[in-house]
$ cat target32.txt   # compact mmCIF, C-alpha atoms
# COMPACT_ATOMS: atom_id res chain seq x y z
CA MET P 1 31.95 56.60 56.23
CA LEU P 2 31.71 56.10 52.52
CA ASN P 3 29.79 58.57 50.43
CA LEU P 4 27.46 56.26 48.58
CA ASN P 5 25.98 58.88 46.26
CA GLU P 6 29.36 59.95 45.04
CA LEU P 7 30.42 56.37 44.58
CA GLU P 8 27.27 55.57 42.54
CA ASN P 9 27.83 58.63 40.34
CA ARG P 10 31.40 57.59 39.70
CA TRP P 11 30.29 54.05 38.88
CA LEU P 12 27.69 55.39 36.44
CA LYS P 13 30.24 57.56 34.66
CA TYR P 14 32.60 54.61 34.47
CA LYS P 15 29.85 52.42 33.00
CA ILE P 16 28.92 55.05 30.38
CA LYS P 17 32.57 55.45 29.42
CA SER P 18 32.89 51.67 28.99
CA TYR P 19 29.93 51.62 26.56
CA ILE P 20 31.19 54.50 24.40
CA PRO P 21 33.68 52.50 22.23
CA HIS P 22 31.04 49.82 21.50
CA ALA P 23 28.51 52.44 20.47
CA ILE P 24 31.06 54.19 18.23
CA ILE P 25 31.96 50.91 16.48
CA THR P 26 28.33 49.95 15.82
CA LEU P 27 27.52 53.45 14.53
CA LEU P 28 30.52 53.25 12.22
CA VAL P 29 29.51 49.85 10.88
CA ILE P 30 25.95 51.00 10.24
CA SER P 31 27.07 54.18 8.51
CA ILE P 32 29.56 52.26 6.33
CA THR P 33 26.93 49.71 5.22
CA VAL P 34 24.45 52.46 4.43
CA LEU P 35 27.09 54.28 2.41
CA ILE P 36 28.09 51.16 0.45
CA SER P 37 24.51 50.23 -0.37
CA SER P 38 23.67 53.76 -1.48
CA LEU P 39 26.79 53.80 -3.67
CA ASN P 40 25.77 50.54 -5.31
CA PHE P 41 22.26 51.80 -5.88
CA ASP P 42 23.67 54.95 -7.45
CA LYS P 43 25.93 52.83 -9.65
CA LYS P 44 23.00 50.73 -10.80
CA GLU P 45 20.95 53.80 -11.52
CA THR P 46 23.80 55.48 -13.38
CA ASN P 47 24.35 52.23 -15.30
CA LYS P 48 20.71 52.18 -16.25
CA VAL P 49 20.84 55.82 -17.31
CA ILE P 50 23.99 55.16 -19.34
CA GLN P 51 22.37 52.10 -20.93
CA LYS P 52 19.30 54.11 -21.81
CA GLU P 53 21.41 56.86 -23.29
CA LEU P 54 23.40 54.30 -25.22
CA ILE P 55 20.22 52.72 -26.51
CA LYS P 56 18.94 56.11 -27.55
CA GLU P 57 22.14 56.79 -29.34
CA THR P 58 22.17 53.39 -30.93
CA LEU P 59 18.62 53.78 -32.07
CA LYS P 60 19.85 55.44 -35.11
CA PRO P 61 18.43 54.06 -38.36
CA ALA P 62 21.49 52.01 -39.19
CA LEU P 63 21.61 50.16 -35.86
CA LYS P 64 17.91 50.01 -35.14
CA GLU P 65 17.46 46.47 -36.46
CA LYS P 66 20.20 44.99 -34.31
CA VAL P 67 18.78 46.54 -31.17
CA ILE P 68 15.30 45.38 -32.04
CA GLU P 69 16.66 41.86 -32.52
CA LYS P 70 18.32 41.99 -29.14
CA VAL P 71 15.16 43.25 -27.50
CA ILE P 72 13.15 40.48 -29.17
CA GLU P 73 15.68 37.88 -28.00
CA LYS P 74 15.40 39.16 -24.45
CA VAL P 75 11.61 39.07 -24.59
CA ILE P 76 11.68 35.51 -25.96
CA GLU P 77 14.12 34.45 -23.24
CA LYS P 78 11.84 35.92 -20.60
CA GLU P 79 8.83 34.09 -22.05
CA ILE P 80 10.73 30.81 -22.14
CA ILE P 81 11.72 31.25 -18.51
CA LYS P 82 8.09 31.99 -17.65
CA LYS P 83 6.91 28.89 -19.52
CA VAL P 84 9.49 26.72 -17.77
CA ILE P 85 8.33 28.02 -14.42
CA VAL P 86 4.69 27.35 -15.29
CA LYS P 87 5.60 23.87 -16.52
CA SER P 88 7.54 23.08 -13.39
CA ASN P 89 4.59 24.25 -11.33
CA ASN P 90 2.32 21.97 -13.33
CA THR P 91 4.63 19.00 -12.89
CA GLN P 92 4.70 19.72 -9.18
CA GLN P 93 0.90 19.55 -9.23
CA ASP P 94 0.89 16.42 -11.39
CA GLU P 95 3.45 14.56 -9.32
CA LYS P 96 1.44 13.34 -6.40
CA LEU P 97 2.94 11.94 -3.29
CA LEU P 98 2.51 8.17 -3.42
CA ILE P 99 1.88 6.49 -0.09
CA THR P 100 2.73 2.81 -0.05
CA PRO P 101 1.71 0.34 2.62
CA SER P 102 4.20 -1.65 4.63
CA LEU P 103 3.57 -5.38 4.83
CA ASP P 104 6.57 -6.37 6.92
CA PHE P 105 4.28 -7.30 9.77
CA MET P 106 3.18 -10.31 7.70
CA ARG P 107 6.66 -11.79 8.02
CA THR P 108 6.62 -11.40 11.78
CA ILE P 109 3.20 -13.03 11.95
CA GLN P 110 4.49 -15.88 9.81
CA ASN P 111 7.57 -16.28 12.01
CA ASP P 112 5.44 -16.10 15.15
CA SER P 113 3.10 -18.74 13.82
CA GLN P 114 6.00 -21.01 12.94
CA LYS P 115 7.39 -20.58 16.43
CA TYR P 116 3.94 -21.15 17.85
CA TYR P 117 3.49 -24.38 15.92
CA ASN P 118 7.07 -25.47 16.52
CA THR P 119 6.71 -25.03 20.27
CA LYS P 120 3.40 -26.86 20.10
CA SER P 121 4.84 -29.71 18.10
CA THR P 122 7.93 -30.01 20.34
CA ALA P 123 5.68 -30.05 23.38
CA GLN P 124 3.59 -32.73 21.73
CA LYS P 125 6.70 -34.71 20.83
CA LYS P 126 7.90 -34.50 24.42
CA LYS P 127 4.51 -35.65 25.62
CA LYS P 128 4.54 -38.51 23.16
CA ALA P 129 8.04 -39.52 24.21
CA GLN P 130 7.03 -39.48 27.86
CA GLN P 131 3.92 -41.48 27.07
CA LYS P 132 5.98 -43.99 25.09
CA HIS P 133 8.32 -44.36 28.03
CA LEU P 134 5.42 -45.06 30.32
CA ILE P 135 3.90 -47.44 27.84
CA SER P 136 7.10 -49.38 27.36
CA ASP P 137 7.34 -49.73 31.12
CA VAL P 138 3.84 -51.14 31.49
CA ALA P 139 2.27 -52.87 28.50
CA ILE P 140 3.26 -51.84 25.01
CA GLU P 141 1.02 -53.87 22.76
CA GLU P 142 -2.31 -52.99 24.29
CA ILE P 143 -1.93 -49.35 25.11
CA THR P 144 -0.11 -47.90 22.09
CA PRO P 145 -3.10 -47.94 19.72
CA MET P 146 -5.23 -46.25 22.37
CA GLN P 147 -2.57 -43.60 22.81
CA ASN P 148 -2.46 -43.09 19.08
CA ILE P 149 -6.20 -42.48 18.98
CA VAL P 150 -5.91 -39.88 21.74
CA LYS P 151 -2.98 -38.32 19.94
CA ASP P 152 -4.88 -38.14 16.65
CA ASN P 153 -7.70 -36.16 18.19
CA THR P 154 -5.57 -33.05 18.60
CA ILE P 155 -5.15 -30.54 15.76
CA ASP P 156 -4.63 -31.82 12.26
CA ILE P 157 -8.19 -33.01 11.62
CA LYS P 158 -8.99 -30.41 8.97
CA ARG P 159 -5.77 -30.79 7.07
CA ARG P 160 -6.00 -34.56 7.02
CA ASP P 161 -9.56 -34.27 5.74
CA THR P 162 -8.37 -32.25 2.78
CA GLN P 163 -5.51 -34.70 2.27
CA GLU P 164 -7.97 -37.58 2.38
CA ASP P 165 -10.24 -35.68 0.01
CA ILE P 166 -7.36 -35.21 -2.36
CA GLN P 167 -6.43 -38.88 -2.22
CA HIS P 168 -10.04 -39.81 -2.84
CA VAL P 169 -10.23 -37.42 -5.83
CA ILE P 170 -6.94 -38.78 -7.17
CA LYS P 171 -8.40 -42.30 -7.07
CA ARG P 172 -11.47 -41.09 -8.93
CA PHE P 173 -9.28 -39.27 -11.43
CA LYS P 174 -7.23 -42.40 -12.11
CA LYS P 175 -10.44 -44.25 -12.92
CA SER P 176 -12.17 -41.59 -15.00
CA ASN P 177 -9.30 -39.39 -16.29
CA ASN P 178 -11.57 -36.38 -15.89
CA PRO P 179 -9.61 -33.07 -16.18
CA ALA P 180 -11.97 -31.34 -13.74
CA LEU P 181 -10.77 -33.73 -11.03
CA SER P 182 -7.09 -33.24 -11.77
CA LEU P 183 -7.64 -29.46 -11.79
CA PHE P 184 -9.30 -29.74 -8.38
CA VAL P 185 -6.28 -31.66 -7.10
CA ALA P 186 -3.89 -29.09 -8.56
CA LYS P 187 -5.81 -26.25 -6.90
CA LYS P 188 -5.93 -28.02 -3.56
CA TYR P 189 -2.20 -28.76 -3.63
CA TYR P 190 -1.53 -25.12 -4.52
CA GLU P 191 -3.64 -23.97 -1.58
CA LEU P 192 -1.73 -26.32 0.70
CA GLY P 193 1.57 -24.93 -0.57
CA GLU P 194 2.63 -28.17 -2.24
CA TYR P 195 3.61 -26.44 -5.45
CA ASN P 196 5.46 -29.37 -7.03
CA LYS P 197 2.35 -31.52 -6.88
CA ALA P 198 0.17 -28.60 -7.98
CA TYR P 199 2.46 -28.12 -10.98
CA ASN P 200 2.28 -31.83 -11.88
CA TYR P 201 -1.50 -32.04 -11.71
CA ALA P 202 -1.93 -28.77 -13.65
CA LEU P 203 0.38 -30.21 -16.29
CA ILE P 204 -1.66 -33.43 -16.44
CA THR P 205 -4.85 -31.36 -16.79
CA ASN P 206 -3.32 -29.33 -19.61
CA GLU P 207 -2.30 -32.51 -21.39
CA ILE P 208 -5.86 -33.84 -21.21
CA ASN P 209 -7.52 -30.55 -22.12
CA ASN P 210 -5.42 -27.51 -23.04
CA ASN P 211 -8.34 -25.05 -23.03
CA ILE P 212 -8.88 -24.81 -19.27
CA GLU P 213 -7.92 -21.30 -18.16
CA ASP P 214 -7.71 -22.13 -14.44
CA SER P 215 -5.33 -24.97 -15.10
CA TRP P 216 -2.89 -22.76 -17.02
CA ILE P 217 -3.05 -20.13 -14.30
CA ILE P 218 -2.36 -22.67 -11.54
CA PHE P 219 0.42 -24.09 -13.68
CA ALA P 220 2.06 -20.68 -14.08
CA LYS P 221 1.53 -19.75 -10.43
CA SER P 222 3.13 -23.02 -9.31
CA LEU P 223 6.10 -22.32 -11.57
CA VAL P 224 6.52 -18.92 -9.95
CA LYS P 225 6.41 -20.51 -6.51
CA LEU P 226 9.01 -23.02 -7.66
CA GLU P 227 11.24 -20.05 -8.61
CA LYS P 228 10.82 -20.54 -12.34
CA LYS P 229 9.41 -17.12 -13.06
CA GLU P 230 10.73 -16.85 -16.61
CA LYS P 231 9.21 -20.17 -17.60
CA ALA P 232 5.88 -19.09 -16.10
CA ILE P 233 5.95 -15.88 -18.15
CA GLU P 234 6.80 -17.83 -21.29
CA VAL P 235 3.97 -20.31 -20.72
CA LEU P 236 1.42 -17.58 -20.02
CA ASN P 237 2.51 -15.58 -23.06
CA LYS P 238 1.95 -18.63 -25.26
CA TYR P 239 -1.43 -19.32 -23.69
CA ILE P 240 -2.55 -15.68 -24.03
CA ALA P 241 -1.51 -15.64 -27.70
CA ILE P 242 -3.91 -18.55 -28.31
CA SER P 243 -6.76 -17.85 -25.90
CA HIS P 244 -6.65 -14.05 -25.28
CA SER P 245 -7.62 -14.81 -21.71
CA GLY P 246 -8.12 -11.74 -19.50
CA ARG P 247 -7.38 -13.55 -16.27
CA ALA P 248 -4.20 -15.00 -17.70
CA LYS P 249 -3.13 -11.48 -18.70
CA ILE P 250 -3.72 -10.22 -15.19
CA THR P 251 -1.75 -13.13 -13.74
CA LEU P 252 1.04 -12.42 -16.20
CA ASP P 253 1.09 -8.76 -15.21
CA ASN P 254 1.13 -9.72 -11.55
CA ILE P 255 4.07 -12.04 -12.13
CA LYS P 256 5.96 -9.45 -14.14
CA SER P 257 5.36 -6.69 -11.62
CA GLY P 258 6.38 -8.97 -8.76
CA LYS P 259 3.00 -8.89 -7.06
CA LEU P 260 2.88 -12.66 -7.33
CA LYS P 261 5.98 -14.08 -5.75
CA MET C 1 -3.11 -22.23 39.02
CA LYS C 2 -6.42 -21.00 37.62
CA ILE C 3 -4.88 -17.67 36.71
CA ILE C 4 -2.06 -19.38 34.81
CA LEU C 5 -4.59 -21.52 32.96
CA VAL C 6 -6.64 -18.47 32.01
CA ILE C 7 -3.51 -16.65 30.80
CA LEU C 8 -2.41 -19.66 28.76
CA LEU C 9 -5.86 -20.05 27.28
CA SER C 10 -6.07 -16.36 26.34
CA ILE C 11 -2.60 -16.50 24.75
CA THR C 12 -3.53 -19.52 22.66
CA LEU C 13 -6.86 -17.92 21.65
CA TYR C 14 -5.08 -14.71 20.68
CA ALA C 15 -2.48 -16.59 18.67
CA ASN C 16 -5.21 -18.65 17.05
CA THR C 17 -7.21 -15.66 15.88
CA LYS C 18 -4.21 -13.94 14.37
CA GLN C 19 -3.04 -17.16 12.77
CA LYS C 20 -6.48 -17.95 11.39
CA MET C 21 -6.73 -14.46 9.97
CA TYR C 22 -3.29 -14.78 8.44
CA ASN C 23 -4.19 -18.09 6.81
CA LEU C 24 -7.43 -16.67 5.47
CA TYR C 25 -5.58 -13.64 4.14
CA GLN C 26 -2.99 -15.81 2.43
CA ASN C 27 -5.79 -17.83 0.83
CA GLU C 28 -7.35 -14.60 -0.46
CA LYS C 29 -10.41 -15.00 1.76
CA TYR C 30 -10.29 -11.37 2.78
CA GLU C 31 -13.90 -10.95 3.81
CA LYS C 32 -13.71 -13.90 6.20
CA ALA C 33 -10.47 -12.56 7.65
CA CYS C 34 -12.01 -9.12 8.09
CA ASN C 35 -15.09 -10.51 9.81
CA LEU C 36 -12.98 -12.73 12.07
CA GLY C 37 -10.94 -9.69 13.05
CA PHE C 38 -14.11 -7.69 13.62
CA ASP C 39 -15.52 -10.38 15.94
CA ASN C 40 -12.29 -10.70 17.93
CA PHE C 41 -11.22 -7.09 17.87
CA LYS C 42 -11.57 -6.38 21.57
CA GLN C 43 -9.26 -9.19 22.66
CA ASN C 44 -6.55 -8.36 20.13
CA LYS C 45 -6.67 -4.60 19.80
CA LYS C 46 -3.31 -4.08 21.51
CA SER C 47 -1.40 -5.98 18.83
CA GLU C 48 -0.39 -3.73 15.95
CA GLU C 49 0.20 -6.77 13.74
CA PHE C 50 -3.38 -7.84 14.32
CA LEU C 51 -4.62 -4.30 13.63
CA SER C 52 -2.68 -4.09 10.37
CA LEU C 53 -3.80 -7.54 9.25
CA TYR C 54 -7.41 -6.71 10.12
CA ALA C 55 -7.23 -3.41 8.26
CA PHE C 56 -5.68 -4.92 5.13
CA SER C 57 -8.25 -7.73 5.11
CA CYS C 58 -11.07 -5.20 5.35
CA LEU C 59 -9.47 -3.02 2.70
CA LYS C 60 -9.20 -5.93 0.29
CA SER C 61 -12.85 -6.84 0.89
CA ASP C 62 -13.97 -3.20 0.39
CA TYR C 63 -15.06 -2.64 4.01
CA ILE C 64 -13.38 0.75 3.97
CA ASP C 65 -15.29 2.23 6.92
CA ARG C 66 -13.85 -0.46 9.18
CA LEU C 67 -10.42 1.05 8.61
CA SER C 68 -11.20 4.03 10.83
CA ILE C 69 -10.55 2.26 14.14
CA PRO C 70 -7.27 0.48 13.32
CA MET C 71 -6.21 3.65 11.54
CA ALA C 72 -6.53 5.60 14.78
CA MET C 73 -4.85 2.89 16.84
CA LEU C 74 -1.84 2.22 14.62
CA LYS C 75 0.75 4.65 15.93
CA TYR C 76 3.46 2.99 18.01
CA SER C 77 5.85 1.78 15.29
CA LYS C 78 7.11 3.29 12.04
CA GLU C 79 5.38 0.58 10.02
CA ALA C 80 2.12 1.11 11.86
CA ARG C 81 2.22 4.86 11.24
CA SER C 82 2.97 4.27 7.56
CA ASN C 83 0.00 1.92 7.24
CA SER C 84 -2.19 4.28 9.22
CA SER C 85 -1.49 7.14 6.81
CA TYR C 86 -2.11 4.77 3.88
CA PHE C 87 -5.53 3.85 5.25
CA SER C 88 -6.39 7.43 6.13
CA VAL C 89 -5.74 8.61 2.55
CA ILE C 90 -7.98 5.86 1.16
CA LEU C 91 -10.75 6.56 3.65
CA MET C 92 -10.62 10.29 2.97
CA GLN C 93 -10.65 9.75 -0.79
CA LYS C 94 -13.62 7.45 -0.50
CA LYS C 95 -15.56 10.02 1.52
CA LEU C 96 -14.63 12.87 -0.81
CA LEU C 97 -15.45 10.96 -3.98
CA TYR C 98 -18.81 9.87 -2.58
CA HIS C 99 -19.53 13.46 -1.51
CA ALA C 100 -18.60 14.67 -4.99
CA LEU C 101 -20.80 12.13 -6.76
CA VAL C 102 -23.84 12.54 -4.53
CA ASP C 103 -23.72 16.26 -3.74
CA GLY C 104 -21.68 17.65 -6.62
CA TYR C 105 -18.75 18.72 -4.43
CA THR C 106 -15.82 19.81 -6.59
CA LEU C 107 -12.48 18.04 -6.18
CA THR C 108 -10.62 20.05 -8.79
CA ASP C 109 -8.38 22.14 -6.54
CA LEU C 110 -7.36 19.28 -4.29
CA ASN C 111 -3.86 17.89 -4.56
CA LEU C 112 -3.91 14.96 -2.19
CA PRO C 113 -1.37 12.17 -1.86
CA THR C 114 -2.28 8.98 -3.67
CA THR C 115 -1.96 5.21 -3.19
CA ASP C 116 -1.92 2.09 -5.35
CA TYR C 117 -5.45 1.17 -4.26
CA ILE C 118 -8.20 1.28 -6.91
CA LEU C 119 -10.20 3.95 -5.09
CA SER C 120 -7.20 6.28 -5.14
CA LYS C 121 -6.69 5.69 -8.86
CA VAL C 122 -10.32 6.50 -9.61
CA PHE C 123 -10.21 9.48 -7.26
CA ASP C 124 -7.20 10.91 -9.12
CA LEU C 125 -8.82 10.34 -12.51
CA TYR C 126 -12.05 11.97 -11.32
CA SER C 127 -10.30 14.99 -9.79
CA ASN C 128 -8.37 15.48 -13.06
CA LEU C 129 -11.68 16.08 -14.86
CA LYS C 130 -11.82 19.67 -13.54
CA LYS C 131 -15.22 21.39 -13.41
CA HIS C 132 -17.85 19.45 -15.33
CA GLU C 133 -21.52 18.68 -15.55
CA PRO C 134 -22.47 15.66 -13.43
CA ARG C 135 -22.67 12.45 -15.47
CA LEU C 136 -24.52 9.22 -14.88
CA VAL C 137 -21.47 7.09 -15.62
CA TYR C 138 -17.79 7.97 -15.69
CA LEU C 139 -15.39 5.90 -17.74
CA PHE C 140 -11.69 6.17 -17.02
CA GLU C 141 -8.61 4.58 -18.52
CA ASP C 142 -5.71 3.59 -16.31
CA VAL C 143 -2.69 5.87 -16.64
CA ASN C 144 -0.18 3.03 -16.86
CA ASP C 145 -2.20 0.34 -18.63
CA ASN C 146 -4.58 1.30 -21.43
CA LYS C 147 -6.31 -2.07 -21.24
CA LEU C 148 -7.40 -1.40 -17.70
CA LYS C 149 -10.56 0.68 -17.46
CA TYR C 150 -12.71 1.86 -14.58
CA LYS C 151 -16.41 2.59 -14.60
CA LEU C 152 -17.70 4.82 -11.85
CA TYR C 153 -21.36 5.40 -11.13
CA LEU C 154 -23.99 5.75 -8.42
CA SER C 155 -26.37 2.90 -7.77
CA LYS C 156 -29.73 3.89 -6.35
CA GLY C 157 -30.56 2.29 -3.04
CA GLU C 158 -33.62 2.39 -0.79
CA ARG C 159 -32.04 4.40 1.98
CA ILE C 160 -28.76 5.48 0.48
CA ASP C 161 -27.06 5.62 -2.91
CA LYS C 162 -24.05 3.40 -3.39
CA MET C 163 -20.88 4.27 -5.23
CA VAL C 164 -19.84 1.54 -7.64
CA ILE C 165 -16.45 1.10 -9.28
CA GLU C 166 -16.17 -1.58 -11.91
CA GLU C 167 -12.76 -2.74 -13.04
CA PHE C 168 -12.40 -3.89 -16.65
CA TYR C 169 -9.41 -5.54 -18.28
CA ASP C 170 -9.67 -5.80 -22.04
CA ASN C 171 -13.39 -5.04 -21.77
CA THR C 172 -14.03 -7.96 -19.41
CA LEU C 173 -15.30 -7.20 -15.95
CA ILE C 174 -12.76 -8.28 -13.36
CA LYS C 175 -14.07 -6.86 -10.13
CA LYS C 176 -16.87 -4.76 -8.79
CA HIS C 177 -16.35 -2.55 -5.73
CA ILE C 178 -19.32 -1.08 -3.89
CA TYR C 179 -18.90 1.70 -1.33
CA TRP C 180 -21.33 3.84 0.64

$ encode --input "target32.txt" --output "structure tokens"
Amino acid sequence: MLNLNELENRWLKYKIKSYIPHAIITLLVISITVLISSLNFDKKETNKVIQKELIKETLKPALKEKVIEKVIEKVIEKEIIKKVIVKSNNTQQDEKLLITPSLDFMRTIQNDSQKYYNTKSTAQKKKKAQQKHLISDVAIEEITPMQNIVKDNTIDIKRRDTQEDIQHVIKRFKKSNNPALSLFVAKKYYELGEYNKAYNYALITNEINNNIEDSWIIFAKSLVKLEKKEKAIEVLNKYIAISHSGRAKITLDNIKSGKLK
Amino acid sequence: MKIILVILLSITLYANTKQKMYNLYQNEKYEKACNLGFDNFKQNKKSEEFLSLYAFSCLKSDYIDRLSIPMAMLKYSKEARSNSSYFSVILMQKKLLYHALVDGYTLTDLNLPTTDYILSKVFDLYSNLKKHEPRLVYLFEDVNDNKLKYKLYLSKGERIDKMVIEEFYDNTLIKKHIYW
């Protein structure tokens, strides 16, 4: 039979013996660090004492001025450092974190809408093609106009109305040569994204009457859209120099800052 | 068949609303876009693009309080979170500025982030005033453009006072923003 108590005692002794070297090493390390730090501290203190003694010695009448100068320099340096810190703190307070919005989602909406309309238009085209096939098989002359009427009742009613409006206004403008009408046409074309036409009608308006603020603004905006930003800036600068228009200034600032693209 | 029709119809309606709002936004008809979004919010609330578009339309038409719901719902993408924090700063600044003007709450010790929105600009200019006696009208000059000036005052209403910010460029009134 094994004597368990004796075995446990022996195991305990063995365990304690195994820990002894580790404990000695850690104690040594601690004592060495304490010694080094205390030595350094003593050195610093002795240095300070020596410095003080030196200062006392140097504070003899002949050397007094130099020491005073040094002391003053140190004080000034300290003050400068303090000021710099205060200034940096102030700038930290002044510099506010600027949060800017992200408008990338607009692009995705635009792309989605294009896809949406493209798919719609392709579907419509397919439908039309199928209908045409059917019509050609049966009776072309009679049915095609009917099909066209059905086809026309789909989406583009609003847009065509504005197009018709524009054409109507253009006719009136050709008769009367009224700048208000040409400005209306320019604005409408700009809204529809037909910047070339908007540019032309704004130009015509300016030729008839060069004091219409809206016309100059539409003219410059159209130029920007037609990727002639520098020309737009030049035109607006000239107009502002003559008219001192506030709205033109804002438009100019928007163009320069890139807000108006 | 009916289910497919309903799904197709809902998809087209959803696309239509977003598209209409986008067109209105592009044509600078922000108030109409905001109201359209408000009327069709329930059907489109899961689209972060719709939420952002709705929030920006309302922001541009000075319906700041309407930002609170899209602000809370914009969280699933980096862009949405960025816009959400943008709206939250503006909403908070509006509330704080109104509180300061009506109740005399001091904003001097606050160092909040800022935005490019007019309310943030006025908020920063107001908080830079430090402690002061309440005034009837505050006039501020833009930090970057000395021609741009802001006039801040309270307009008395029947039930509630309204905070008004008027934007001037070269002494001509450009825009008037009313918040309450």

$ residues_around --input "target32.txt" --residues "C:Phe168" --least-positions-apart "5" --cutoff "8 Å" --atoms "all atoms listed in the file" --output "JSON, numbers by chain"
{"C": [147, 148, 149, 150, 151, 173, 174, 175]}

$ atom_distance --input "target32.txt" --atom1 "atom CA of P:Ile109" --atom2 "atom CA of C:Glu49"
7.2 Å

$ closest_residue --input "target32.txt" --among "C:Phe140, C:Tyr117, C:Tyr63, C:Tyr30" --to "chain P" --atoms "only C-alpha atoms"
C:Tyr117

$ closest_atom_pairs --input "target32.txt" --of "chain C" --to "chain P" --cutoff "6 Å" --atoms "only C-alpha atoms" --output "tab-separated table"
residue	atom	partner	partner_atom	distance
C:Glu49	CA	P:Phe105	CA	5.7
C:Glu79	CA	P:Ser102	CA	6.0
C:Asn83	CA	P:Pro101	CA	5.2
C:Tyr86	CA	P:Ile99	CA	5.9
C:Pro113	CA	P:Leu97	CA	4.5
C:Thr114	CA	P:Leu98	CA	4.9
C:Thr115	CA	P:Ile99	CA	5.1

$ write_last_selection --input "target32.txt" --atoms "C-alpha atoms" --output "compact mmCIF listing (two decimals), keeping the file's coordinate frame"
# COMPACT_ATOMS: atom_id res chain seq x y z
CA GLU C 49 0.20 -6.77 13.74
CA GLU C 79 5.38 0.58 10.02
CA ASN C 83 0.00 1.92 7.24
CA TYR C 86 -2.11 4.77 3.88
CA PRO C 113 -1.37 12.17 -1.86
CA THR C 114 -2.28 8.98 -3.67
CA THR C 115 -1.96 5.21 -3.19

$ atom_distance --input "target32.txt" --atom1 "atom CA of C:Leu91" --atom2 "atom CA of C:Leu119"
9.1 Å

$ closest_residue --input "target32.txt" --among "C:Lys20, C:Glu28, C:Tyr76, C:Ala33" --to "C:Ser47" --atoms "all atoms listed in the file"
C:Tyr76

$ atom_distance --input "target32.txt" --atom1 "atom CA of C:Phe56" --atom2 "atom CA of C:Met92"
16.1 Å

$ closest_residue --input "target32.txt" --among "P:Ala232, P:Tyr19, P:Ile25, P:Lys188" --to "C:Asn27" --atoms "all atoms listed in the file"
P:Lys188

$ residues_around --input "target32.txt" --residues "C:Cys58" --least-positions-apart "2" --cutoff "9 Å" --atoms "all atoms listed in the file" --output "list in words"
Tyr30, Glu31, Ala33, Cys34, Asn35, Gly37, Leu53, Tyr54, Ala55, Phe56, Lys60, Ser61, Asp62, Tyr63, Ile64, Asp65, Arg66 and Leu67 of chain C

$ axis_aligned_box --input "target32.txt" --around "stretch 79-91 of chain C" --padding-each-side "6 Å" --output "lines of an AutoDock Vina configuration file"
center_x = -2.7
center_y = 4.6
center_z = 6.5
size_x = 28.1
size_y = 20.0
size_z = 22.7

$ closest_residue --input "target32.txt" --among "C:Asn16, C:Gln26, C:Gln43, C:Asn171" --to "C:Glu141" --atoms "all atoms listed in the file"
C:Asn171

$ closest_residue --input "target32.txt" --among "P:Ser38, P:Asn237, P:Gln167, P:Asn177" --to "P:Lys256" --atoms "all atoms listed in the file"
P:Asn237
